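S.K.: Structure supplied as work.cif; contents: mmCIF, C-alpha atoms.
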```cif
data_target
#
loop_
_atom_site.label_atom_id
_atom_site.label_comp_id
_atom_site.auth_asym_id
_atom_site.auth_seq_id
_atom_site.Cartn_x
_atom_site.Cartn_y
_atom_site.Cartn_z
CA MET A 1 6.65 -1.59 -33.18
CA ARG A 2 5.45 -4.23 -30.72
CA ILE A 3 5.43 -3.07 -27.10
CA GLY A 4 4.75 -5.28 -24.09
CA ILE A 5 3.94 -3.84 -20.67
CA ILE A 6 4.01 -5.94 -17.48
CA GLY A 7 1.69 -4.41 -14.88
CA GLY A 8 -1.51 -2.42 -15.27
CA GLY A 9 -1.19 0.05 -12.41
CA PRO A 10 -0.67 3.83 -12.77
CA ALA A 11 2.79 3.41 -14.36
CA GLY A 12 1.77 0.60 -16.71
CA TYR A 13 -1.56 1.89 -17.99
CA SER A 14 -0.33 5.47 -18.42
CA ALA A 15 2.72 4.24 -20.36
CA ALA A 16 0.42 2.08 -22.53
CA ILE A 17 -1.74 5.09 -23.38
CA ARG A 18 1.30 7.23 -24.23
CA VAL A 19 3.00 4.72 -26.56
CA SER A 20 -0.19 3.66 -28.34
CA ASN A 21 -0.54 4.93 -31.91
CA GLU A 22 -1.35 3.57 -35.35
CA ASN A 23 2.22 2.27 -35.77
CA ASN A 24 2.46 0.42 -32.45
CA LYS A 25 0.80 -2.75 -31.19
CA VAL A 26 0.57 -2.52 -27.39
CA GLN A 27 -0.15 -5.51 -25.14
CA LEU A 28 -0.68 -4.91 -21.43
CA PHE A 29 -0.33 -7.85 -19.01
CA GLU A 30 -2.24 -7.56 -15.72
CA LYS A 31 -3.23 -10.61 -13.68
CA GLY A 32 -5.43 -8.55 -11.35
CA GLU A 33 -7.67 -5.56 -12.01
CA ILE A 34 -6.55 -2.75 -14.28
CA GLY A 35 -5.61 0.30 -12.22
CA GLY A 36 -3.45 -1.60 -9.74
CA VAL A 37 -3.29 -0.88 -6.03
CA CYS A 38 -3.82 2.88 -6.42
CA LEU A 39 -7.20 2.66 -8.12
CA ASN A 40 -8.57 -0.49 -6.55
CA THR A 41 -7.16 -0.76 -3.02
CA GLY A 42 -5.21 2.45 -2.42
CA CYS A 43 -5.45 6.11 -3.47
CA ILE A 44 -9.02 6.30 -4.78
CA PRO A 45 -10.93 4.13 -2.26
CA THR A 46 -9.12 5.65 0.73
CA LYS A 47 -9.91 9.18 -0.47
CA ALA A 48 -13.57 8.19 -0.85
CA LEU A 49 -13.55 6.98 2.78
CA ILE A 50 -11.77 10.15 3.92
CA TYR A 51 -14.48 12.22 2.22
CA SER A 52 -17.19 10.34 4.15
CA ALA A 53 -15.17 10.56 7.38
CA ASN A 54 -14.85 14.35 6.94
CA LEU A 55 -18.59 14.72 6.41
CA TYR A 56 -19.42 12.71 9.52
CA ASP A 57 -16.76 14.47 11.58
CA ASN A 58 -18.28 17.86 10.69
CA VAL A 59 -21.72 16.85 11.98
CA LYS A 60 -22.15 18.65 15.28
CA SER A 61 -24.62 16.14 16.71
CA LYS A 62 -23.41 12.55 16.33
CA LYS A 63 -26.38 10.81 17.91
CA GLN A 64 -26.78 8.72 14.77
CA LYS A 65 -23.94 6.31 14.11
CA PRO A 66 -22.25 6.33 10.67
CA ASN A 67 -23.81 3.97 8.13
CA TRP A 68 -20.75 1.90 7.25
CA VAL A 69 -22.60 -0.07 4.58
CA GLU A 70 -23.55 3.13 2.70
CA ILE A 71 -20.04 4.50 3.13
CA GLN A 72 -18.62 1.32 1.60
CA GLU A 73 -21.12 1.52 -1.27
CA GLY A 74 -20.04 5.11 -1.98
CA LYS A 75 -16.39 4.04 -2.00
CA ALA A 76 -17.12 1.16 -4.39
CA LEU A 77 -19.04 3.48 -6.72
CA ALA A 78 -16.11 5.93 -6.86
CA VAL A 79 -13.71 3.13 -7.79
CA LYS A 80 -16.14 1.76 -10.39
CA ARG A 81 -16.57 5.13 -12.10
CA VAL A 82 -12.82 5.72 -12.42
CA LEU A 83 -12.26 2.12 -13.54
CA LEU A 84 -14.92 2.32 -16.25
CA GLY A 85 -13.38 5.53 -17.58
CA LEU A 86 -9.91 3.97 -17.64
CA LYS A 87 -11.08 0.80 -19.40
CA GLY A 88 -12.91 2.91 -21.96
CA LEU A 89 -9.78 4.90 -22.70
CA LEU A 90 -7.62 1.77 -23.08
CA LYS A 91 -10.21 0.30 -25.46
CA GLU A 92 -10.31 3.52 -27.48
CA LYS A 93 -6.51 3.40 -27.79
CA LYS A 94 -6.75 -0.23 -29.04
CA ILE A 95 -4.56 -1.53 -26.22
CA GLU A 96 -4.87 -5.29 -25.79
CA ILE A 97 -5.24 -6.32 -22.14
CA ILE A 98 -4.04 -9.83 -21.31
CA LYS A 99 -5.39 -10.83 -17.89
CA GLU A 100 -2.60 -13.24 -17.06
CA GLU A 101 0.58 -13.19 -15.05
CA ALA A 102 3.62 -12.31 -17.16
CA ILE A 103 7.27 -13.08 -16.44
CA LEU A 104 10.21 -11.26 -18.03
CA LYS A 105 13.00 -13.60 -19.16
CA GLY A 106 16.69 -12.71 -19.17
CA ASP A 107 16.72 -12.31 -22.95
CA GLY A 108 13.94 -9.70 -22.87
CA SER A 109 11.15 -12.04 -23.95
CA VAL A 110 7.94 -12.32 -21.93
CA LYS A 111 6.30 -15.57 -20.89
CA SER A 112 2.61 -15.64 -19.98
CA LYS A 113 0.87 -18.91 -19.27
CA ASP A 114 2.29 -21.31 -21.88
CA LYS A 115 2.99 -18.65 -24.49
CA GLU A 116 6.19 -16.72 -25.18
CA TYR A 117 6.05 -13.17 -26.55
CA LYS A 118 8.79 -11.28 -28.40
CA PHE A 119 8.59 -7.48 -28.29
CA ASP A 120 10.62 -4.62 -29.72
CA LYS A 121 10.30 -2.85 -26.38
CA VAL A 122 9.21 -4.03 -22.93
CA ILE A 123 8.14 -1.90 -19.96
CA ILE A 124 8.26 -3.35 -16.45
CA ALA A 125 5.69 -1.78 -14.16
CA THR A 126 5.20 -4.42 -11.49
CA GLY A 127 4.51 -1.92 -8.71
CA SER A 128 4.99 -2.57 -5.01
CA LYS A 129 3.70 -4.80 -2.24
CA ALA A 130 3.19 -4.50 1.49
CA MET A 131 6.37 -5.02 3.52
CA ALA A 132 6.63 -8.28 5.43
CA THR A 133 6.35 -7.82 9.18
CA PRO A 134 9.46 -8.59 11.26
CA PHE A 135 7.13 -9.92 13.98
CA THR A 136 4.45 -12.60 14.14
CA THR A 137 0.77 -11.76 13.58
CA PRO A 138 -2.50 -13.73 13.61
CA LYS A 139 -3.97 -14.65 10.20
CA ASP A 140 -6.92 -12.28 10.53
CA THR A 141 -4.78 -9.20 11.19
CA TRP A 142 -5.76 -6.47 8.71
CA SER A 143 -3.73 -5.22 5.78
CA SER A 144 -4.77 -1.89 4.24
CA THR A 145 -6.82 -3.86 1.68
CA ASP A 146 -8.62 -5.74 4.46
CA ALA A 147 -9.40 -2.43 6.18
CA LEU A 148 -10.95 -1.08 2.97
CA GLU A 149 -13.18 -4.15 2.62
CA ALA A 150 -14.10 -4.44 6.31
CA SER A 151 -17.69 -5.56 6.94
CA ASN A 152 -18.04 -3.40 10.04
CA LEU A 153 -16.36 -0.69 12.08
CA PRO A 154 -14.24 -2.03 14.96
CA GLU A 155 -14.86 -0.47 18.36
CA SER A 156 -11.10 -0.32 18.89
CA LEU A 157 -8.24 -0.46 16.39
CA VAL A 158 -4.46 -0.57 16.77
CA ILE A 159 -2.47 0.57 13.73
CA ILE A 160 1.18 -0.43 13.49
CA GLY A 161 2.99 2.25 11.51
CA ALA A 162 2.53 6.04 11.49
CA GLY A 163 3.41 6.74 7.86
CA TYR A 164 0.96 8.06 5.27
CA ILE A 165 -1.11 4.86 5.18
CA GLY A 166 -1.28 4.49 8.95
CA LEU A 167 -2.27 8.11 9.60
CA GLU A 168 -4.94 8.15 6.89
CA PHE A 169 -6.60 4.97 8.15
CA GLY A 170 -6.26 6.20 11.73
CA TYR A 171 -8.02 9.41 10.74
CA ILE A 172 -10.81 7.56 8.88
CA PHE A 173 -11.66 5.11 11.66
CA SER A 174 -11.26 7.67 14.44
CA CYS A 175 -13.69 10.08 12.73
CA LEU A 176 -16.20 7.24 12.31
CA GLY A 177 -16.13 6.34 15.99
CA SER A 178 -13.40 3.73 16.49
CA LYS A 179 -10.98 4.09 19.39
CA VAL A 180 -7.66 4.29 17.52
CA SER A 181 -4.11 3.75 18.80
CA ILE A 182 -1.06 4.05 16.53
CA VAL A 183 2.29 2.41 17.34
CA GLU A 184 5.40 3.79 15.60
CA LYS A 185 9.03 2.75 16.15
CA GLU A 186 10.45 6.19 15.17
CA ASN A 187 10.28 9.24 17.42
CA GLU A 188 7.72 11.10 15.28
CA VAL A 189 4.92 10.34 12.83
CA LEU A 190 5.60 10.51 9.08
CA PRO A 191 9.27 9.50 9.45
CA GLY A 192 11.43 11.39 6.98
CA GLU A 193 9.07 14.36 6.77
CA ASP A 194 9.51 17.76 8.40
CA THR A 195 9.57 16.99 12.13
CA GLU A 196 8.01 20.27 13.26
CA SER A 197 5.04 19.93 10.90
CA ALA A 198 4.61 16.22 11.64
CA ALA A 199 4.47 16.98 15.37
CA ILE A 200 1.79 19.65 14.84
CA LEU A 201 -0.25 17.19 12.77
CA ARG A 202 0.11 14.48 15.43
CA LYS A 203 -1.16 16.83 18.13
CA SER A 204 -4.13 17.74 15.94
CA LEU A 205 -4.94 14.03 15.49
CA MET A 206 -4.57 13.49 19.22
CA ARG A 207 -7.30 16.07 19.78
CA LYS A 208 -9.53 13.87 17.61
CA GLY A 209 -8.94 11.03 20.06
CA ILE A 210 -6.08 9.10 18.42
CA LYS A 211 -3.50 7.81 20.90
CA PHE A 212 0.13 7.55 19.76
CA TYR A 213 2.92 5.31 21.03
CA LEU A 214 6.18 6.64 19.56
CA THR A 215 9.66 5.07 19.80
CA SER A 216 7.78 1.81 20.27
CA GLU A 217 8.95 -1.34 18.49
CA VAL A 218 6.40 -4.12 18.11
CA ILE A 219 7.54 -7.55 19.30
CA GLU A 220 4.50 -9.62 18.32
CA VAL A 221 0.74 -9.57 17.84
CA LYS A 222 -1.39 -12.27 19.45
CA LYS A 223 -5.09 -13.07 19.65
CA ASN A 224 -6.69 -13.98 22.94
CA ASN A 225 -10.44 -14.62 23.32
CA GLU A 226 -11.36 -12.69 20.14
CA LYS A 227 -9.23 -9.73 21.22
CA PHE A 228 -5.94 -8.77 19.62
CA GLU A 229 -2.94 -8.04 21.83
CA VAL A 230 -0.05 -5.95 20.56
CA PHE A 231 3.19 -6.33 22.51
CA PHE A 232 5.86 -3.67 22.05
CA LYS A 233 8.94 -2.20 23.72
CA ASN A 234 9.16 1.44 24.72
CA SER A 235 12.43 2.65 26.31
CA GLY A 236 13.29 -0.95 27.14
CA LYS A 237 9.98 -1.51 28.90
CA GLU A 238 7.50 -4.03 27.46
CA GLU A 239 3.92 -2.80 27.04
CA LYS A 240 0.68 -4.26 25.67
CA ILE A 241 -2.42 -2.82 23.97
CA GLN A 242 -5.63 -4.78 23.50
CA SER A 243 -8.07 -4.08 20.65
CA ASP A 244 -10.80 -5.52 18.45
CA GLN A 245 -8.61 -5.31 15.35
CA VAL A 246 -5.03 -4.62 14.27
CA LEU A 247 -3.98 -2.98 11.00
CA ILE A 248 -0.43 -3.40 9.69
CA ALA A 249 0.79 -0.25 7.88
CA ILE A 250 4.57 -0.43 8.04
CA GLY A 251 5.10 0.53 4.40
CA ARG A 252 5.55 -0.91 0.94
CA THR A 253 8.48 -2.30 -1.02
CA PRO A 254 9.15 -2.77 -4.77
CA ASN A 255 7.58 -5.90 -6.21
CA VAL A 256 10.51 -7.52 -8.02
CA ASP A 257 9.61 -11.17 -7.51
CA ASP A 258 10.38 -13.32 -10.57
CA LEU A 259 12.33 -10.56 -12.34
CA PRO A 260 15.79 -11.46 -13.75
CA GLY A 261 18.56 -10.84 -11.22
CA GLN A 262 20.70 -9.05 -13.79
CA ILE A 263 18.40 -6.00 -13.76
CA LEU A 264 18.02 -5.78 -9.97
CA GLU A 265 19.93 -3.63 -7.52
CA GLY A 266 20.61 -5.71 -4.42
CA ASN A 267 17.46 -7.76 -5.11
CA LYS A 268 15.43 -4.83 -3.77
CA ALA A 269 14.50 -2.79 -6.84
CA VAL A 270 14.99 -2.61 -10.60
CA LYS A 271 18.02 -0.55 -11.60
CA VAL A 272 17.56 1.83 -14.53
CA ASN A 273 19.77 4.38 -16.28
CA ASP A 274 19.01 8.06 -16.90
CA PHE A 275 16.61 7.08 -19.69
CA SER A 276 14.61 4.53 -17.64
CA GLU A 277 16.25 1.56 -19.43
CA THR A 278 17.50 -1.57 -17.64
CA LYS A 279 20.61 -3.60 -18.41
CA ILE A 280 18.56 -5.64 -20.88
CA LYS A 281 18.48 -3.67 -24.13
CA GLY A 282 14.99 -2.48 -24.99
CA VAL A 283 13.61 -3.24 -21.54
CA TYR A 284 12.49 -0.26 -19.43
CA ALA A 285 11.26 -0.07 -15.83
CA ILE A 286 9.00 2.54 -14.25
CA GLY A 287 6.98 3.25 -11.13
CA ASP A 288 7.23 1.65 -7.70
CA CYS A 289 9.37 -1.28 -8.89
CA ILE A 290 12.40 1.02 -9.35
CA GLY A 291 12.13 2.05 -5.71
CA ASN A 292 12.74 5.80 -5.87
CA CYS A 293 9.41 7.24 -4.81
CA LEU A 294 6.46 4.90 -4.27
CA LEU A 295 3.74 7.34 -5.31
CA ALA A 296 1.25 7.21 -8.19
CA HIS A 297 2.12 10.68 -9.52
CA ALA A 298 5.83 9.73 -9.55
CA ALA A 299 4.84 6.65 -11.55
CA PHE A 300 2.93 8.81 -14.05
CA LYS A 301 6.07 10.91 -14.58
CA ASP A 302 8.23 7.81 -15.00
CA ALA A 303 5.76 6.50 -17.59
CA GLU A 304 5.94 9.75 -19.56
CA ILE A 305 9.74 9.69 -19.70
CA ALA A 306 9.97 6.02 -20.70
CA ALA A 307 7.23 6.39 -23.32
CA ARG A 308 8.86 9.42 -24.93
CA ASN A 309 12.19 7.61 -25.09
CA ILE A 310 10.58 4.55 -26.65
CA LEU A 311 8.97 6.82 -29.24
CA GLY A 312 12.36 8.23 -30.26
CA GLU A 313 13.17 11.11 -27.88
CA LYS A 314 16.10 11.25 -25.50
CA ILE A 315 14.61 12.43 -22.22
CA LYS A 316 16.67 12.09 -19.05
CA LYS A 317 15.20 11.24 -15.67
CA ASP A 318 16.01 14.61 -14.15
CA LYS A 319 15.22 15.19 -10.51
CA PHE A 320 11.63 16.40 -10.57
CA ALA A 321 9.90 17.92 -7.59
CA ILE A 322 7.62 15.12 -6.36
CA PRO A 323 5.11 16.32 -3.74
CA ARG A 324 4.07 14.07 -0.85
CA VAL A 325 0.68 14.26 0.90
CA ALA A 326 -0.96 12.86 4.02
CA TYR A 327 -4.71 13.21 3.36
CA THR A 328 -5.67 13.62 7.01
CA HIS A 329 -7.42 16.69 8.38
CA PRO A 330 -5.60 18.97 8.40
CA GLU A 331 -3.69 17.72 5.37
CA LEU A 332 0.09 17.75 5.33
CA ALA A 333 1.81 18.24 1.97
CA SER A 334 5.48 18.76 1.25
CA VAL A 335 7.92 19.03 -1.63
CA GLY A 336 11.67 19.42 -1.81
CA TYR A 337 13.86 19.59 1.30
CA SER A 338 12.69 19.51 4.90
CA GLU A 339 14.81 21.29 7.52
CA GLU A 340 16.39 17.99 8.52
CA GLU A 341 17.33 17.17 4.91
CA ALA A 342 18.75 20.66 4.31
CA ARG A 343 20.92 20.27 7.42
CA SER A 344 22.11 16.83 6.34
CA GLN A 345 23.20 18.35 2.98
CA ASN A 346 25.06 21.15 4.81
CA ILE A 347 22.88 23.77 3.12
CA ASP A 348 22.90 27.21 4.75
CA TYR A 349 19.12 27.71 4.80
CA LEU A 350 16.49 29.99 6.28
CA VAL A 351 12.89 29.19 7.31
CA SER A 352 9.87 31.43 6.82
CA ARG A 353 6.34 30.55 7.92
CA VAL A 354 2.86 32.08 8.06
CA PRO A 355 -0.07 30.49 9.95
CA PHE A 356 -3.48 30.05 8.32
CA ALA A 357 -4.93 31.74 11.43
CA SER A 358 -4.01 35.07 9.78
CA ASN A 359 -5.90 34.28 6.55
CA GLY A 360 -9.37 35.71 5.90
CA ARG A 361 -10.68 32.69 3.97
CA ALA A 362 -9.44 30.33 6.69
CA ILE A 363 -11.09 32.40 9.40
CA ALA A 364 -14.36 32.63 7.47
CA SER A 365 -14.35 28.87 6.90
CA GLY A 366 -13.33 27.95 10.44
CA LYS A 367 -10.27 26.14 9.01
CA THR A 368 -7.41 28.01 10.68
CA ALA A 369 -5.25 25.04 11.74
CA GLY A 370 -1.76 24.84 10.31
CA GLN A 371 0.76 26.94 8.43
CA ILE A 372 2.79 27.30 5.24
CA LYS A 373 6.50 26.92 5.72
CA ILE A 374 9.23 27.67 3.15
CA ILE A 375 12.80 26.38 3.32
CA HIS A 376 15.00 28.75 1.30
CA THR A 377 18.55 29.98 0.85
CA LYS A 378 19.90 33.42 1.70
CA GLU A 379 20.00 34.09 -2.04
CA GLY A 380 16.22 33.72 -2.28
CA GLU A 381 16.14 30.22 -3.81
CA ILE A 382 13.25 28.00 -2.71
CA ILE A 383 14.50 24.51 -1.78
CA GLY A 384 11.44 23.11 -0.03
CA SER A 385 7.99 23.76 1.34
CA ILE A 386 5.70 22.14 3.88
CA ILE A 387 2.01 23.00 4.04
CA LEU A 388 -0.13 21.87 6.95
CA GLY A 389 -3.75 22.89 6.63
CA GLU A 390 -6.88 23.04 4.50
CA ASN A 391 -6.33 22.24 0.80
CA ALA A 392 -2.63 21.54 1.38
CA SER A 393 -2.73 18.83 -1.29
CA GLU A 394 -3.83 21.42 -3.87
CA LEU A 395 -1.66 24.33 -2.74
CA ILE A 396 1.59 22.34 -2.75
CA SER A 397 1.52 22.23 -6.58
CA ILE A 398 2.50 25.91 -6.66
CA PHE A 399 5.74 25.06 -4.87
CA SER A 400 6.28 22.02 -7.12
CA LEU A 401 6.01 24.38 -10.10
CA ALA A 402 8.43 26.81 -8.45
CA LEU A 403 11.03 24.11 -7.74
CA ASP A 404 10.81 22.53 -11.20
CA ASN A 405 11.16 25.89 -12.97
CA GLY A 406 13.54 27.68 -10.64
CA LEU A 407 11.01 30.35 -9.65
CA SER A 408 12.39 32.66 -7.00
CA LEU A 409 10.75 33.96 -3.84
CA LYS A 410 10.46 37.30 -5.64
CA LYS A 411 8.38 35.72 -8.45
CA LEU A 412 6.02 34.04 -5.98
CA SER A 413 5.69 37.19 -3.90
CA GLU A 414 4.85 39.29 -6.99
CA THR A 415 2.12 36.87 -8.13
CA VAL A 416 -1.45 38.11 -7.62
CA TYR A 417 -3.51 35.63 -5.61
CA PRO A 418 -7.34 35.82 -5.60
CA HIS A 419 -8.97 37.15 -2.43
CA PRO A 420 -10.15 35.61 -0.23
CA THR A 421 -8.36 32.29 -0.74
CA PHE A 422 -6.03 30.02 1.20
CA SER A 423 -3.46 30.59 -1.57
CA GLU A 424 -2.92 34.17 -0.37
CA VAL A 425 -0.77 32.71 2.41
CA ILE A 426 1.72 31.61 -0.28
CA GLY A 427 2.10 35.25 -1.33
CA GLU A 428 2.47 36.39 2.27
CA VAL A 429 5.07 33.82 3.28
CA SER A 430 6.99 34.46 0.04
CA LYS A 431 7.15 38.18 0.83
CA ILE A 432 8.38 37.48 4.35
CA ALA A 433 10.97 35.00 3.04
CA GLU A 434 12.18 37.48 0.41
CA VAL A 435 12.65 40.21 3.01
CA GLN A 436 14.41 37.76 5.32
CA SER A 437 16.76 36.74 2.50
CA ILE A 438 17.57 40.37 1.70
#
```
Any chance you could put this one into structure tokens?

M.R.:
Amino acid sequence: MRIGIIGGGPAGYSAAIRVSNENNKVQLFEKGEIGGVCLNTGCIPTKALIYSANLYDNVKSKKQKPNWVEIQEGKALAVKRVLLGLKGLLKEKKIEIIKEEAILKGDGSVKSKDKEYKFDKVIIATGSKAMATPFTTPKDTWSSTDALEASNLPESLVIIGAGYIGLEFGYIFSCLGSKVSIVEKENEVLPGEDTESAAILRKSLMRKGIKFYLTSEVIEVKKNNEKFEVFFKNSGKEEKIQSDQVLIAIGRTPNVDDLPGQILEGNKAVKVNDFSETKIKGVYAIGDCIGNCLLAHAAFKDAEIAARNILGEKIKKDKFAIPRVAYTHPELASVGYSEEEARSQNIDYLVSRVPFASNGRAIASGKTAGQIKIIHTKEGEIIGSIILGENASELISIFSLALDNGLSLKKLSETVYPHPTFSEVIGEVSKIAEVQSI
């Protein structure tokens, strides 16, 4: 079987690896670098910078300024190591990489440069792109990619957008000494997430020196005498912030440029059925381009389902528990319903929470900020969890497992957690939730 894959990001390369075997010839089209945004200009490099920012932030005496050049070198090395491993794996699997732009035609064929390819199956994994700003900006305004490749640390930085990307970059540059302001049009950071937890995180970031302007809609960004000026409206009143640099972080949108209109849903995303297949027979779509959840781990899951279906199984795209994480400090991780979502679905829910301040490991480590919060029904069913605190990105997987497998509060409360660990709070809050349900 001949399989063509358009896009070499997390969805595309993981699908390529899964469908590759001695009976299949797999060709992967990627005009940029293998690994896509996540590996090259997203997940991996930002986490490398966050690691360096954490180290510097934990230094009690900050008489010596951070060495931005060394920090950038460390980030580049992390990306290079992961990239080399990925390329080695693709080579081992005998996957042919074609470093050209590829365009899917309406009949399911693929055109790249002056050549047309016919495949038995095609996977679209074109990813996402930064949203266009609804306001004017100077040419040298930063995107997240520009921020990653910056030659120096700005003394002051305004970030437009308080989603995951905006908060993570705000945290990085604030820890490394920049004066950071974040402008957000909604009334809380991380719009769509649990409002209570988002507010606690915002206050924690404010203590690190980040200034927030909420319910503030940007009108335009100008440049005046080498200084940026951000004009925005707050409660009908026009305000202005001046800074050395501006970073746009208003979100991402599916990259569906040049795809046939017959497979699109309102020209915004690729529409797929329960088996990840588009309206064109034999053509599948996965990852950010289908618009459901623009996260790398969601793309990996999409790739698994599409690959298994291509290989002969019939796996439906069931609703999996996809965790979401803001890698600030403290981290905020969530899965399932927030309180607001449970209310909007008219679910009769209860909330149970335990702060990390009661946990021995947290106290011993000096990492007591935050809490674990469970959203659950009166019958003891877990429908969501929000963790704000140390290792939240690791701990949330326990709740993902519980949601995907229907584990009850009773099961989580009966589990033995090692002592002393942050995970013990999961046992404690589960016990409290179980009692409250009873």

S.K.: For the structure provided, state which residues fall under the PyMOL selection byres ((chain A and resi 298) around 9), and present them as an MDAnalysis selection string.

M.R.: chainID A and resid 11 287:288 292:297 299:303 320 322:323

S.K.: Using all atoms listed in the file, which protein or nucleic acid residues come within 6 Å of stretch 340-357 of chain A? Drop anything in the same chain fewer than 3 positions from it, and give the result as a list in words.

M.R.: Tyr337, Thr368, Gly370, Gln371, Ile372, Lys373, Ile374, Ile375, His376, Thr377, Val429 and Ala433 of chain A

S.K.: Enumerate, as a PyMOL selection string, the residues matched when the PyMOL selection byres ((chain A and resi 330-335) around 10) is run on the file above.

M.R.: chain A and resi 164+168+190+193-194+197-198+200-201+204-205+321-329+336-338+367-374+383-397+399-400+403

S.K.: Would you output that residue set with C-alpha atoms, as a PDB file, in the coordinates of the input?

M.R.:
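The resulting file, part16.pdb, is reproduced below:
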```
ATOM      1  CA  TYR A 164       0.960   8.060   5.270  1.00  0.00           C
ATOM      2  CA  GLU A 168      -4.940   8.150   6.890  1.00  0.00           C
ATOM      3  CA  LEU A 190       5.600  10.510   9.080  1.00  0.00           C
ATOM      4  CA  GLU A 193       9.070  14.360   6.770  1.00  0.00           C
ATOM      5  CA  ASP A 194       9.510  17.760   8.400  1.00  0.00           C
ATOM      6  CA  SER A 197       5.040  19.930  10.900  1.00  0.00           C
ATOM      7  CA  ALA A 198       4.610  16.220  11.640  1.00  0.00           C
ATOM      8  CA  ILE A 200       1.790  19.650  14.840  1.00  0.00           C
ATOM      9  CA  LEU A 201      -0.250  17.190  12.770  1.00  0.00           C
ATOM     10  CA  SER A 204      -4.130  17.740  15.940  1.00  0.00           C
ATOM     11  CA  LEU A 205      -4.940  14.030  15.490  1.00  0.00           C
ATOM     12  CA  ALA A 321       9.900  17.920  -7.590  1.00  0.00           C
ATOM     13  CA  ILE A 322       7.620  15.120  -6.360  1.00  0.00           C
ATOM     14  CA  PRO A 323       5.110  16.320  -3.740  1.00  0.00           C
ATOM     15  CA  ARG A 324       4.070  14.070  -0.850  1.00  0.00           C
ATOM     16  CA  VAL A 325       0.680  14.260   0.900  1.00  0.00           C
ATOM     17  CA  ALA A 326      -0.960  12.860   4.020  1.00  0.00           C
ATOM     18  CA  TYR A 327      -4.710  13.210   3.360  1.00  0.00           C
ATOM     19  CA  THR A 328      -5.670  13.620   7.010  1.00  0.00           C
ATOM     20  CA  HIS A 329      -7.420  16.690   8.380  1.00  0.00           C
ATOM     21  CA  GLY A 336      11.670  19.420  -1.810  1.00  0.00           C
ATOM     22  CA  TYR A 337      13.860  19.590   1.300  1.00  0.00           C
ATOM     23  CA  SER A 338      12.690  19.510   4.900  1.00  0.00           C
ATOM     24  CA  LYS A 367     -10.270  26.140   9.010  1.00  0.00           C
ATOM     25  CA  THR A 368      -7.410  28.010  10.680  1.00  0.00           C
ATOM     26  CA  ALA A 369      -5.250  25.040  11.740  1.00  0.00           C
ATOM     27  CA  GLY A 370      -1.760  24.840  10.310  1.00  0.00           C
ATOM     28  CA  GLN A 371       0.760  26.940   8.430  1.00  0.00           C
ATOM     29  CA  ILE A 372       2.790  27.300   5.240  1.00  0.00           C
ATOM     30  CA  LYS A 373       6.500  26.920   5.720  1.00  0.00           C
ATOM     31  CA  ILE A 374       9.230  27.670   3.150  1.00  0.00           C
ATOM     32  CA  ILE A 383      14.500  24.510  -1.780  1.00  0.00           C
ATOM     33  CA  GLY A 384      11.440  23.110  -0.030  1.00  0.00           C
ATOM     34  CA  SER A 385       7.990  23.760   1.340  1.00  0.00           C
ATOM     35  CA  ILE A 386       5.700  22.140   3.880  1.00  0.00           C
ATOM     36  CA  ILE A 387       2.010  23.000   4.040  1.00  0.00           C
ATOM     37  CA  LEU A 388      -0.130  21.870   6.950  1.00  0.00           C
ATOM     38  CA  GLY A 389      -3.750  22.890   6.630  1.00  0.00           C
ATOM     39  CA  GLU A 390      -6.880  23.040   4.500  1.00  0.00           C
ATOM     40  CA  ASN A 391      -6.330  22.240   0.800  1.00  0.00           C
ATOM     41  CA  ALA A 392      -2.630  21.540   1.380  1.00  0.00           C
ATOM     42  CA  SER A 393      -2.730  18.830  -1.290  1.00  0.00           C
ATOM     43  CA  GLU A 394      -3.830  21.420  -3.870  1.00  0.00           C
ATOM     44  CA  LEU A 395      -1.660  24.330  -2.740  1.00  0.00           C
ATOM     45  CA  ILE A 396       1.590  22.340  -2.750  1.00  0.00           C
ATOM     46  CA  SER A 397       1.520  22.230  -6.580  1.00  0.00           C
ATOM     47  CA  PHE A 399       5.740  25.060  -4.870  1.00  0.00           C
ATOM     48  CA  SER A 400       6.280  22.020  -7.120  1.00  0.00           C
ATOM     49  CA  LEU A 403      11.030  24.110  -7.740  1.00  0.00           C
TER      50      LEU A 403
END
```

S.K.: Would you work out the distance separating atom CA of A:Leu153 from atom CA of A:Gln72, expressed in Å to one decimal?

M.R.: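 According to the coordinates, atom CA of A:Leu153 and atom CA of A:Gln72 are separated by 10.9 Å.
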
S.K.: Find the residues around A:Ala402 up to 9 Å (all atoms listed in the file counted), leave out those fewer than 4 positions away in its own chain, and share them as a PyMOL selection string.

M.R.: chain A and resi 382+397-398+406-409+411-412

S.K.: Would you pick out the contacts of A:Ser216 at 7 Å or less, using only C-alpha atoms, so that residues sharing its chain but fewer than 6 positions from it are not included, and give the list as a ChimeraX atom specification?

M.R.: /A:183-185,232-234

S.K.: Would you work out the distance separating atom CA of A:Gly266 from atom CA of A:Ile290, expressed in Å to one decimal?

M.R.: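 Value for the atom CA of A:Gly266-atom CA of A:Ile290 distance: 11.7 Å.
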
S.K.: Suppose a student applies the PyMOL selection byres ((chain A and resi 77-94) around 8) to this structure; what residues should they get, written as a PyMOL selection string?

M.R.: chain A and resi 13+17+20-21+26+34-35+39-40+44-45+48+73-76+95-96
